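Next comes my_file.cif, a file with mmCIF, C-alpha atoms.
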```
data_start
#
loop_
_atom_site.label_atom_id
_atom_site.label_comp_id
_atom_site.auth_asym_id
_atom_site.auth_seq_id
_atom_site.Cartn_x
_atom_site.Cartn_y
_atom_site.Cartn_z
CA MET A 47 101.99 85.89 88.89
CA ASP A 48 104.97 87.59 87.27
CA PHE A 49 106.16 91.18 87.20
CA LYS A 50 104.29 92.04 83.99
CA GLN A 51 101.02 90.88 85.57
CA LEU A 52 101.86 92.75 88.76
CA ASN A 53 102.51 96.00 86.90
CA ASP A 54 99.22 95.56 85.03
CA ILE A 55 97.18 95.34 88.25
CA LYS A 56 98.95 97.90 90.42
CA ASN A 57 96.57 100.69 89.43
CA ARG A 58 93.76 98.71 91.12
CA PHE A 59 95.34 99.42 94.51
CA VAL A 60 96.08 102.50 96.57
CA THR A 61 99.21 102.51 98.72
CA ARG A 62 100.74 104.51 101.53
CA SER A 63 104.05 104.20 103.32
CA VAL A 64 103.68 103.85 107.08
CA GLY A 65 107.04 103.58 108.81
CA ASP A 66 109.10 101.00 106.92
CA GLU A 67 105.99 99.24 105.65
CA LEU A 68 103.57 99.74 102.78
CA VAL A 69 99.81 99.56 103.29
CA ILE A 70 97.90 98.35 100.21
CA VAL A 71 94.17 98.92 99.82
CA PRO A 72 92.25 97.47 96.87
CA LEU A 73 89.86 99.69 94.95
CA SER A 74 86.49 98.04 95.13
CA GLY A 75 82.98 98.40 93.75
CA ASN A 76 81.28 96.82 96.75
CA VAL A 77 81.44 96.58 100.53
CA ALA A 78 82.72 92.99 100.63
CA GLN A 79 86.38 93.99 100.18
CA MET A 80 86.39 96.82 102.69
CA ASN A 81 88.24 95.14 105.49
CA ARG A 82 90.79 93.47 103.21
CA LEU A 83 93.87 95.57 103.75
CA PHE A 84 97.42 94.38 103.22
CA THR A 85 100.83 95.37 104.47
CA LEU A 86 104.23 94.74 102.93
CA ASN A 87 107.43 94.79 104.97
CA GLU A 88 110.48 96.77 103.92
CA THR A 89 111.58 94.18 101.34
CA GLY A 90 108.07 93.75 99.94
CA LYS A 91 107.69 97.50 99.74
CA PHE A 92 110.94 97.74 97.77
CA ILE A 93 109.79 95.04 95.35
CA TRP A 94 106.39 96.71 94.86
CA GLU A 95 107.94 100.12 94.26
CA ASN A 96 110.54 98.79 91.81
CA SER A 97 108.53 96.17 89.97
CA ASP A 98 108.29 98.28 86.82
CA LYS A 99 112.08 98.20 86.49
CA CYS A 100 112.17 94.41 86.34
CA ALA A 101 111.13 92.19 83.48
CA ASP A 102 111.52 88.97 85.45
CA ASN A 103 112.47 87.41 88.80
CA GLU A 104 116.16 87.40 88.00
CA ALA A 105 116.21 91.16 87.44
CA MET A 106 114.51 91.75 90.78
CA VAL A 107 116.91 89.38 92.56
CA GLN A 108 119.75 91.43 91.09
CA LEU A 109 118.14 94.67 92.31
CA LEU A 110 117.60 93.27 95.79
CA THR A 111 121.17 92.05 96.18
CA GLU A 112 122.39 95.50 95.10
CA ASN A 113 120.24 97.33 97.63
CA PHE A 114 120.04 94.97 100.62
CA GLU A 115 122.65 92.88 102.35
CA VAL A 116 121.23 89.59 101.10
CA GLY A 117 122.53 86.75 98.98
CA GLN A 118 120.94 85.53 95.76
CA GLU A 119 119.21 82.61 97.44
CA THR A 120 117.50 84.77 100.09
CA ALA A 121 116.61 87.39 97.50
CA LEU A 122 115.00 84.79 95.24
CA SER A 123 113.04 83.41 98.18
CA ASP A 124 111.85 86.95 99.02
CA VAL A 125 110.73 87.50 95.42
CA GLU A 126 108.84 84.21 95.28
CA THR A 127 107.19 84.89 98.66
CA PHE A 128 106.21 88.34 97.47
CA LEU A 129 104.66 87.05 94.24
CA ASP A 130 102.77 84.34 96.18
CA LYS A 131 101.34 87.08 98.41
CA MET A 132 100.35 89.07 95.34
CA ASN A 133 98.56 86.00 93.98
CA ILE A 134 96.51 85.84 97.19
CA LEU A 135 95.82 89.56 96.98
CA LEU A 136 94.68 89.21 93.36
CA SER A 137 92.50 86.18 94.07
CA ASN A 138 90.68 88.25 96.71
CA GLN A 139 89.86 90.92 94.15
CA MET B 10 69.35 130.86 96.02
CA PHE B 11 67.64 129.11 98.93
CA GLY B 12 64.07 127.91 98.83
CA GLN B 13 61.33 129.04 101.13
CA HIS B 14 62.06 126.44 103.80
CA GLN B 15 65.41 125.90 105.50
CA VAL B 16 66.74 123.79 108.31
CA GLN B 17 70.31 123.56 109.53
CA ILE B 18 71.88 120.70 111.46
CA THR B 19 75.34 120.18 112.96
CA VAL B 20 76.69 116.64 112.81
CA GLY B 21 80.29 115.78 113.64
CA GLY B 22 81.05 119.49 113.72
CA PHE B 23 79.88 119.90 110.10
CA ILE B 24 77.16 122.47 109.48
CA ILE B 25 74.66 121.06 107.00
CA ARG B 26 71.99 123.35 105.55
CA LEU B 27 68.94 121.83 103.88
CA PHE B 28 66.61 124.01 101.83
CA SER B 29 63.55 123.46 99.68
CA LYS B 30 60.45 125.01 98.20
CA ARG B 31 58.60 122.34 100.17
CA GLN B 32 58.50 121.82 103.91
CA ILE B 33 61.35 119.71 105.26
CA ARG B 34 60.69 117.01 107.82
CA LEU B 35 63.40 115.22 109.79
CA ASP B 36 63.24 112.05 111.91
CA VAL B 37 63.10 112.37 115.70
CA GLY B 38 66.77 111.47 115.90
CA TYR B 39 67.67 114.82 114.30
CA ILE B 40 65.69 117.09 116.65
CA HIS B 41 68.58 118.02 118.93
CA PHE B 42 71.03 118.33 116.04
CA VAL B 43 69.13 121.29 114.57
CA CYS B 44 71.19 124.45 115.02
CA ASN B 45 71.01 128.13 114.21
CA GLN B 46 74.68 128.90 113.75
CA LYS B 47 75.29 131.91 111.55
CA LYS B 48 78.46 130.41 110.06
CA GLU B 49 78.57 129.43 106.42
CA PRO B 50 77.47 125.81 106.02
CA ASP B 51 80.00 123.14 105.09
CA ILE B 52 77.39 121.20 103.17
CA LEU B 53 74.39 122.47 101.19
CA VAL B 54 71.47 120.19 100.43
CA GLU B 55 68.71 121.17 98.02
CA CYS B 56 65.67 119.02 98.71
CA LEU B 57 63.53 118.31 95.66
CA GLU B 58 60.34 116.44 94.96
CA GLY B 59 59.86 113.39 92.74
CA VAL B 60 62.27 111.55 90.47
CA PRO B 61 64.84 113.42 88.35
CA GLU B 62 64.38 112.70 84.67
CA GLY B 63 67.32 111.10 82.87
CA ILE B 64 69.66 111.33 85.85
CA LEU B 65 71.20 107.96 85.08
CA CYS B 66 71.66 108.58 81.33
CA GLY B 67 75.26 107.74 80.49
CA ALA B 68 76.03 107.05 84.15
CA GLU B 69 78.62 104.44 85.10
CA LEU B 70 77.87 102.13 88.03
CA VAL B 71 80.84 102.42 90.41
CA PHE B 72 79.64 101.04 93.74
CA GLU B 73 76.96 98.86 95.28
CA ALA B 74 76.32 98.86 99.03
CA ALA B 75 74.57 95.58 99.73
CA ASN B 76 74.81 92.53 101.93
CA THR B 77 73.35 89.07 101.41
CA GLU B 78 69.94 90.27 102.55
CA LYS B 79 69.57 93.84 101.40
CA ILE B 80 70.68 96.43 98.94
CA PHE B 81 71.14 99.82 100.57
CA TYR B 82 72.28 102.05 97.73
CA THR B 83 74.15 102.14 94.45
CA ILE B 84 76.46 104.89 93.21
CA TYR B 85 76.96 106.02 89.63
CA ARG B 86 79.50 108.42 88.21
CA THR B 87 78.26 111.03 85.76
CA GLY B 88 79.75 114.10 84.12
CA THR B 89 78.28 116.31 86.84
CA GLY B 90 79.18 114.29 89.93
CA LEU B 91 78.02 111.19 91.77
CA VAL B 92 74.46 109.90 91.60
CA PHE B 93 73.10 107.83 94.48
CA ALA B 94 70.09 105.53 94.08
CA VAL B 95 68.91 104.77 97.62
CA TYR B 96 66.66 101.75 98.06
CA ASP B 97 63.57 101.49 100.24
CA GLN B 98 64.65 99.22 103.12
CA TYR B 99 61.23 97.58 103.38
CA ARG B 100 60.27 97.36 99.70
CA GLN B 101 63.56 96.48 98.03
CA ASP B 102 62.20 96.80 94.49
CA GLU B 103 61.60 100.51 95.06
CA ILE B 104 64.08 103.34 94.93
CA GLN B 105 63.35 105.62 97.87
CA GLN B 106 65.49 108.55 96.77
CA PHE B 107 67.92 109.76 94.18
CA ALA B 108 70.71 112.12 95.14
CA LEU B 109 73.35 114.04 93.21
CA LEU B 110 76.62 115.10 94.84
CA ASP B 111 78.88 117.53 92.99
CA ASP B 112 82.63 117.04 92.60
CA SER B 113 83.44 119.33 95.55
CA LEU B 114 81.52 116.88 97.79
CA ARG B 115 79.78 119.91 99.34
CA GLN B 116 76.60 120.36 97.33
CA TRP B 117 73.79 117.82 97.24
CA LYS B 118 70.46 117.59 95.52
CA ILE B 119 68.18 114.97 97.06
CA TRP B 120 64.93 113.94 95.37
CA SER B 121 62.32 112.40 97.66
CA LYS B 122 58.64 111.56 97.55
CA LEU B 123 56.28 114.11 99.02
CA VAL B 124 54.78 112.67 102.21
CA GLY B 125 51.78 114.74 103.18
CA ASP B 126 53.00 118.27 102.64
CA ALA B 127 56.70 117.66 103.34
CA LEU B 128 59.87 116.07 102.03
CA GLU B 129 61.97 113.77 104.24
CA PRO B 130 65.45 114.07 102.71
CA LEU B 131 67.43 112.28 105.42
CA LEU B 132 65.45 109.06 105.61
CA PHE B 133 67.66 106.08 106.51
CA PRO B 134 70.17 105.40 105.00
CA MET B 135 70.43 108.75 103.19
CA GLY B 136 71.49 110.64 106.33
CA ALA B 137 74.37 108.25 107.02
CA ILE B 138 75.51 108.48 103.38
CA LEU B 139 75.50 112.28 103.58
CA PHE B 140 77.53 112.29 106.81
CA HIS B 141 80.07 109.88 105.34
CA TYR B 142 80.65 112.11 102.31
CA ALA B 143 80.87 115.15 104.61
CA THR B 144 83.82 113.48 106.34
CA LEU B 145 85.52 112.93 102.97
CA GLN B 146 85.68 116.67 102.29
CA GLY B 147 86.88 117.44 105.83
CA ASN B 148 89.57 116.11 108.10
CA ALA B 149 87.35 113.32 109.43
CA VAL B 150 86.20 109.72 109.12
CA MET B 151 83.12 107.77 110.17
CA MET B 152 83.51 104.54 112.14
CA HIS B 153 81.43 101.50 113.01
CA SER B 154 82.12 101.77 116.71
CA SER B 155 80.92 102.66 120.15
CA CYS B 156 82.48 105.40 122.23
CA ILE B 157 82.42 106.44 125.89
CA PHE B 158 83.91 109.15 128.10
CA ASP B 159 84.63 108.31 131.74
CA GLY B 160 85.37 111.88 132.82
CA LYS B 161 89.07 111.52 132.04
CA ARG B 162 89.50 109.57 128.82
CA GLY B 163 87.55 109.09 125.60
CA ARG B 164 87.63 105.45 124.49
CA LEU B 165 86.44 104.09 121.17
CA PHE B 166 85.58 100.41 120.69
CA SER B 167 85.45 98.95 117.20
CA GLY B 168 85.25 95.47 115.74
CA PHE B 169 83.26 93.09 113.59
CA SER B 170 79.50 92.88 113.98
CA GLY B 171 78.84 90.88 117.16
CA ALA B 172 82.26 91.64 118.64
CA GLY B 173 80.64 93.39 121.61
CA LYS B 174 80.71 97.13 120.85
CA SER B 175 77.38 97.79 122.58
CA THR B 176 78.18 95.32 125.36
CA ILE B 177 81.46 96.93 126.36
CA SER B 178 80.20 100.52 126.08
CA GLY B 179 77.14 99.46 128.11
CA LEU B 180 79.44 98.15 130.86
CA TRP B 181 81.24 101.51 131.01
CA VAL B 182 77.93 103.39 131.18
CA LYS B 183 76.81 101.10 134.01
CA ALA B 184 80.03 102.06 135.80
CA GLY B 185 79.21 105.76 135.43
CA SER B 186 80.72 106.74 132.08
CA ARG B 187 78.94 108.87 129.51
CA MET B 188 77.91 107.15 126.28
CA ILE B 189 78.87 109.11 123.18
CA ASN B 190 77.30 106.60 120.78
CA ASP B 191 77.08 102.83 120.58
CA ASP B 192 77.04 102.32 116.82
CA ARG B 193 78.33 105.07 114.54
CA VAL B 194 80.89 107.73 115.40
CA ILE B 195 82.57 110.52 113.45
CA ILE B 196 86.21 111.20 114.35
CA ARG B 197 87.61 114.63 113.46
CA LYS B 198 91.05 116.11 113.77
CA GLU B 199 90.74 119.41 115.58
CA GLU B 200 93.22 121.93 116.97
CA ASP B 201 93.68 120.15 120.29
CA GLY B 202 93.64 116.59 118.96
CA TYR B 203 91.13 114.01 117.80
CA VAL B 204 87.48 114.34 118.77
CA ALA B 205 84.77 111.66 118.54
CA TYR B 206 81.20 112.81 117.83
CA ASN B 207 77.94 110.92 117.87
CA THR B 208 75.66 110.99 114.82
CA PRO B 209 71.84 111.10 114.70
CA MET B 210 70.24 107.70 115.26
CA TYR B 211 66.66 106.42 115.02
CA TYR B 212 66.10 107.51 118.63
CA THR B 213 66.24 110.98 120.18
CA ASP B 214 69.65 111.93 121.47
CA GLU B 215 71.57 115.12 122.04
CA PRO B 216 74.84 115.90 120.21
CA ARG B 217 77.76 114.49 122.17
CA LYS B 218 81.48 114.54 121.75
CA THR B 219 84.68 113.65 123.56
CA ARG B 220 88.38 113.98 123.04
CA LEU B 221 89.58 110.62 121.72
CA ASP B 222 92.38 109.08 123.79
CA THR B 223 92.41 105.38 122.94
CA VAL B 224 91.06 103.03 120.28
CA PHE B 225 90.32 99.39 121.07
CA LEU B 226 89.75 96.73 118.41
CA ILE B 227 87.66 94.32 120.40
CA SER B 228 86.74 90.64 120.43
CA HIS B 229 85.25 88.29 123.00
CA SER B 230 87.83 86.27 124.91
CA PRO B 231 87.91 83.82 127.86
CA GLU B 232 90.23 86.29 129.61
CA ASN B 233 90.92 90.01 129.40
CA LYS B 234 94.04 90.65 127.34
CA ILE B 235 95.51 93.60 125.55
CA ALA B 236 98.19 94.18 122.90
CA CYS B 237 99.32 97.44 121.36
CA ARG B 238 99.35 97.78 117.58
CA ARG B 239 101.94 100.00 115.96
CA ASP B 240 102.56 101.63 112.58
CA ALA B 241 100.96 99.85 109.61
CA SER B 242 99.27 97.29 111.83
CA ALA B 243 97.47 100.06 113.74
CA VAL B 244 96.45 101.82 110.52
CA THR B 245 95.06 98.71 108.82
CA GLY B 246 93.43 97.53 112.05
CA ILE B 247 91.36 100.64 112.58
CA MET B 248 90.74 101.40 108.91
CA ALA B 249 89.13 97.99 108.42
CA PHE B 250 86.26 99.12 110.66
CA SER B 251 85.79 102.56 109.17
CA ILE B 252 82.92 103.30 106.82
CA GLN B 253 84.43 103.32 103.35
CA ASN B 254 83.33 103.57 99.73
CA ASN B 255 86.61 102.50 98.14
CA TYR B 256 85.78 102.86 94.46
CA ASP B 257 87.65 106.17 94.18
CA VAL B 258 91.39 106.62 94.69
CA ARG B 259 90.81 109.98 96.43
CA PHE B 260 88.61 108.41 99.10
CA VAL B 261 91.09 105.63 99.90
CA GLN B 262 93.93 108.17 100.05
CA HIS B 263 91.84 110.28 102.42
CA HIS B 264 91.35 107.36 104.83
CA LEU B 265 94.97 106.22 104.65
CA ALA B 266 96.25 109.74 105.32
CA PHE B 267 93.80 110.33 108.17
CA PHE B 268 94.50 107.08 110.00
CA SER B 269 98.27 107.24 109.40
CA GLU B 270 98.37 110.61 111.13
CA MET B 271 95.88 109.71 113.84
CA CYS B 272 97.76 106.56 114.84
CA LEU B 273 100.80 108.69 115.65
CA SER B 274 98.95 110.28 118.57
CA VAL B 275 96.04 107.98 119.43
CA PRO B 276 97.15 104.47 120.46
CA VAL B 277 95.35 101.44 119.02
CA TYR B 278 95.01 98.22 121.04
CA ASP B 279 93.67 94.77 120.35
CA LEU B 280 91.44 93.98 123.31
CA GLY B 281 90.12 90.51 124.05
CA PHE B 282 87.53 90.91 126.78
CA VAL B 283 85.30 89.03 129.15
CA PRO B 284 81.86 90.67 128.93
CA ASP B 285 81.57 91.72 132.56
CA GLU B 286 82.76 94.61 134.75
CA SER B 287 86.24 93.04 135.11
CA VAL B 288 87.23 94.52 131.75
CA ILE B 289 86.83 98.07 133.09
CA LYS B 290 89.23 97.45 135.95
CA PHE B 291 91.57 95.67 133.53
CA ILE B 292 91.70 98.64 131.15
CA GLU B 293 92.13 101.14 133.98
CA GLU B 294 94.94 99.07 135.50
CA ASN B 295 96.69 99.09 132.14
CA GLY B 296 96.43 102.88 132.14
CA VAL B 297 94.82 103.08 128.72
#
```
Can you present the structure in this file as structure tokens?
Amino acid sequence: MDFKQLNDIKNRFVTRSVGDELVIVPLSGNVAQMNRLFTLNETGKFIWENSDKCADNEAMVQLLTENFEVGQETALSDVETFLDKMNILLSNQ
Amino acid sequence: MFGQHQVQITVGGFIIRLFSKRQIRLDVGYIHFVCNQKKEPDILVECLEGVPEGILCGAELVFEAANTEKIFYTIYRTGTGLVFAVYDQYRQDEIQQFALLDDSLRQWKIWSKLVGDALEPLLFPMGAILFHYATLQGNAVMMHSSCIFDGKRGRLFSGFSGAGKSTISGLWVKAGSRMINDDRVIIRKEEDGYVAYNTPMYYTDEPRKTRLDTVFLISHSPENKIACRRDASAVTGIMAFSIQNNYDVRFVQHHLAFFSEMCLSVPVYDLGFVPDESVIKFIEENGV
């Protein structure tokens, strides 16, 4: 999963901010997916909402370090964790 | 505009008017839901005979409601609205009814076979489908859940199939509470808060409702235990057990908005419970 792939699939999900988190619900053509709902924490929500501004991981790391009090290493780890979670989300589709 | 025969029912606070040139017959479960309110109906249902010609021409399949054993219904999108093909639950190779719902989600046409001299438009599962789509055009949702009122608080119990919804509501009834419903409940936002309504079942029952005070997401457990969910966790927890047709962005947005708002005033708890009367005392002692 990279940011281009993520941006390509985002329209298959509906989102809503609840507190600091983002709830993600997949659009689905059957009942099997109905109880598969996802939440992203504040960092994940930021990455989701800004993914279209980033061509690659490095760009997102840069954006995170500019907007949160985190170093490059933590930011990169957050990005990789986020993309792993998106892979799981996509594999459930 | 209405046919010769009319019947009006109120379910979940929604007034639903059915009309036809033919007689309209409803299952026993609907008897006490028939009403004569003079208010304009929220939902209009024209009941027609036979099979509509060419209704699926150019239609796009958007949703299939089926499990490993049965297919309940399929939904198609057409230029004029949504078309539902509802399957006979005993003869799965037969379509029991077709239905067309317009884009406002307020006007239905339901085609059924003539049985004797009457049409039966709300045969299972058509009635439940109609109620679900009524909630989508109002400030409401439909839940897989049981619900009781103990004279002070309305409590809703939801969870996976086999989690104990009927068991726990049965324990409350045994202790003197009033059953609202033990399977399918409509929740509406009203002026004074959230209200849980029963829906017609296969058995005769009167319309019931209660103010909703607490939601429990239940599971069996070796001991009674409770934990409060907050924010997104509460929203996803309860939404997972709502009745949803998530092929349309509008419908998902409706559910997300409804539950996000509801969870600000109605607390949601995970409840692990021992299936005996001890759980009632446990909940009361926790003041929820």
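Put simply, the PyMOL selection byres ((chain A) within 7 of (chain B)) on this file hits A:Val60, A:Arg62, A:Val64, A:Gly65, A:Glu67, A:Val69, A:Leu73, A:Ser74, A:Gly75, A:Asn76, A:Val77, A:Met80, A:Asn81, A:Leu83, A:Thr85.
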Output file for the selection above: C-alpha atoms, as a JSON list (two decimals), keeping the file's coordinate frame:
```json
[["chain", "number", "residue", "atom", "x", "y", "z"],
["A", 60, "VAL", "CA", 96.08, 102.50, 96.57],
["A", 62, "ARG", "CA", 100.74, 104.51, 101.53],
["A", 64, "VAL", "CA", 103.68, 103.85, 107.08],
["A", 65, "GLY", "CA", 107.04, 103.58, 108.81],
["A", 67, "GLU", "CA", 105.99, 99.24, 105.65],
["A", 69, "VAL", "CA", 99.81, 99.56, 103.29],
["A", 73, "LEU", "CA", 89.86, 99.69, 94.95],
["A", 74, "SER", "CA", 86.49, 98.04, 95.13],
["A", 75, "GLY", "CA", 82.98, 98.40, 93.75],
["A", 76, "ASN", "CA", 81.28, 96.82, 96.75],
["A", 77, "VAL", "CA", 81.44, 96.58, 100.53],
["A", 80, "MET", "CA", 86.39, 96.82, 102.69],
["A", 81, "ASN", "CA", 88.24, 95.14, 105.49],
["A", 83, "LEU", "CA", 93.87, 95.57, 103.75],
["A", 85, "THR", "CA", 100.83, 95.37, 104.47]]
```
- Task: Go through the shown structure with the PyMOL selection byres ((chain B and resi 119) around 7) and write out the matching residues as a PyMOL selection string.
- Result: chain B and resi 55-57+106-109+117-118+120-121+130
- Message: Neighbouring residues of Asp124 (chain A) were defined as those with any atom within 10 Å, considering all atoms listed in the file; residues of the same chain fewer than 5 positions away were excluded. Please report them as a PyMOL selection string.
- Response: chain A and resi 89-90+93+106-107+110+116+118-119+129-130
- Task: Would you mind reading off the distance between CA of Gly173 (chain B) and CA of Ala149 (chain B), one decimal, in Å?
- Result: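 These two atoms are separated by 24.3 Å.
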- Do a neighbour search on region 205-212 of chain B at 10 Å with all atoms listed in the file, toss out local chain neighbours closer than 5 positions, and write the hits as number ranges by chain. B: 19-22, 36-42, 132-133, 136-137, 140, 149-152, 155-158, 163-165, 188-198, 217-222
Grab the residues selected above and save them as a CSV table (one decimal), in the frame of the given file with C-alpha atoms.
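Below is the file that was written, selection.csv:
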```
chain,number,residue,atom,x,y,z
B,19,THR,CA,75.3,120.2,113.0
B,20,VAL,CA,76.7,116.6,112.8
B,21,GLY,CA,80.3,115.8,113.6
B,22,GLY,CA,81.0,119.5,113.7
B,36,ASP,CA,63.2,112.0,111.9
B,37,VAL,CA,63.1,112.4,115.7
B,38,GLY,CA,66.8,111.5,115.9
B,39,TYR,CA,67.7,114.8,114.3
B,40,ILE,CA,65.7,117.1,116.6
B,41,HIS,CA,68.6,118.0,118.9
B,42,PHE,CA,71.0,118.3,116.0
B,132,LEU,CA,65.4,109.1,105.6
B,133,PHE,CA,67.7,106.1,106.5
B,136,GLY,CA,71.5,110.6,106.3
B,137,ALA,CA,74.4,108.2,107.0
B,140,PHE,CA,77.5,112.3,106.8
B,149,ALA,CA,87.4,113.3,109.4
B,150,VAL,CA,86.2,109.7,109.1
B,151,MET,CA,83.1,107.8,110.2
B,152,MET,CA,83.5,104.5,112.1
B,155,SER,CA,80.9,102.7,120.2
B,156,CYS,CA,82.5,105.4,122.2
B,157,ILE,CA,82.4,106.4,125.9
B,158,PHE,CA,83.9,109.2,128.1
B,163,GLY,CA,87.6,109.1,125.6
B,164,ARG,CA,87.6,105.4,124.5
B,165,LEU,CA,86.4,104.1,121.2
B,188,MET,CA,77.9,107.2,126.3
B,189,ILE,CA,78.9,109.1,123.2
B,190,ASN,CA,77.3,106.6,120.8
B,191,ASP,CA,77.1,102.8,120.6
B,192,ASP,CA,77.0,102.3,116.8
B,193,ARG,CA,78.3,105.1,114.5
B,194,VAL,CA,80.9,107.7,115.4
B,195,ILE,CA,82.6,110.5,113.4
B,196,ILE,CA,86.2,111.2,114.4
B,197,ARG,CA,87.6,114.6,113.5
B,198,LYS,CA,91.0,116.1,113.8
B,217,ARG,CA,77.8,114.5,122.2
B,218,LYS,CA,81.5,114.5,121.8
B,219,THR,CA,84.7,113.6,123.6
B,220,ARG,CA,88.4,114.0,123.0
B,221,LEU,CA,89.6,110.6,121.7
B,222,ASP,CA,92.4,109.1,123.8
```
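Here CA of Asp66 (chain A) is placed at a distance of 15.3 Å from CA of Asn96 (chain A).
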- Task: I need the residue set behind the PyMOL selection byres ((chain B and resi 45) around 9) for this file; please write it as an NGL selection string.
- Result: :B and (16-18 or 43-44 or 46-48)
- Task: Could you check how far CA of Asn87 (chain A) sits from CA of Ser63 (chain A), in Å to one decimal?
- Result: 10.1 Å
- Item | Close residues, Leu136 (chain A) itself excluded, 10 Å, only C-alpha atoms, min 6 positions apart in chain, as a ChimeraX atom specification | /A:47,52,55,58,72,130
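Among the candidates A:Asn53, A:Glu126, A:Phe92, A:Asp98, the residue lying nearest to Glu112 (chain A) is A:Phe92 (atoms considered: only C-alpha atoms).
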- Task: Please provide the set of residues having any atom within 8 Å of Lys122 (chain B), restricted to all atoms listed in the file, with same-chain residues fewer than 4 positions apart removed, written as a ChimeraX atom specification.
- Result: /B:58-60,105-106,128-129
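For the set A:Met132, A:Lys50, A:Thr127, A:Phe59, the residue with the smallest atom-to-atom gap to Ala101 (chain A) is A:Lys50, counting only C-alpha atoms.
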- Item | Contact residues around Thr61 (chain A) with all atoms listed in the file at 7 Å, ignoring same-chain residues under 5 positions, as a list in words |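 My list of contacting residues is Leu68, Val69, Ile70 and Val71 of chain A.
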- Can you work out which one of B:Lys183, B:His229, B:Arg162, B:Lys234 has the shortest atom-to-atom distance to Val204 (chain B), counting all atoms listed in the file? B:Arg162
As a tab-separated table (two decimals), in the frame of the given file, the rebuilt region 63-76 of chain A with N, CA and C atoms:
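Okay, this is what ended up in part.tsv:
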```
chain	number	residue	atom	x	y	z
A	63	SER	N	102.96	104.62	102.45
A	63	SER	CA	104.05	104.20	103.32
A	63	SER	C	103.71	104.56	104.75
A	64	VAL	N	103.85	103.60	105.65
A	64	VAL	CA	103.68	103.85	107.08
A	64	VAL	C	104.90	103.24	107.76
A	65	GLY	N	105.77	104.08	108.28
A	65	GLY	CA	107.04	103.58	108.81
A	65	GLY	C	107.81	102.92	107.68
A	66	ASP	N	108.34	101.73	107.95
A	66	ASP	CA	109.10	101.00	106.92
A	66	ASP	C	108.18	100.16	106.03
A	67	GLU	N	106.90	100.15	106.36
A	67	GLU	CA	105.99	99.24	105.65
A	67	GLU	C	105.14	99.97	104.63
A	68	LEU	N	104.47	99.18	103.78
A	68	LEU	CA	103.57	99.74	102.78
A	68	LEU	C	102.18	99.15	103.00
A	69	VAL	N	101.20	100.02	103.17
A	69	VAL	CA	99.81	99.56	103.29
A	69	VAL	C	99.20	99.57	101.88
A	70	ILE	N	98.52	98.48	101.53
A	70	ILE	CA	97.90	98.35	100.21
A	70	ILE	C	96.40	98.16	100.38
A	71	VAL	N	95.64	99.00	99.72
A	71	VAL	CA	94.17	98.92	99.82
A	71	VAL	C	93.61	98.71	98.40
A	72	PRO	N	92.82	97.67	98.20
A	72	PRO	CA	92.25	97.47	96.87
A	72	PRO	C	91.11	98.44	96.59
A	73	LEU	N	91.06	98.95	95.38
A	73	LEU	CA	89.86	99.69	94.95
A	73	LEU	C	88.76	98.67	94.77
A	74	SER	N	87.56	99.04	95.14
A	74	SER	CA	86.49	98.04	95.13
A	74	SER	C	85.14	98.67	94.81
A	75	GLY	N	84.32	97.91	94.11
A	75	GLY	CA	82.98	98.40	93.75
A	75	GLY	C	81.90	97.90	94.69
A	76	ASN	N	82.29	97.28	95.80
A	76	ASN	CA	81.28	96.82	96.75
A	76	ASN	C	81.85	96.82	98.16
```
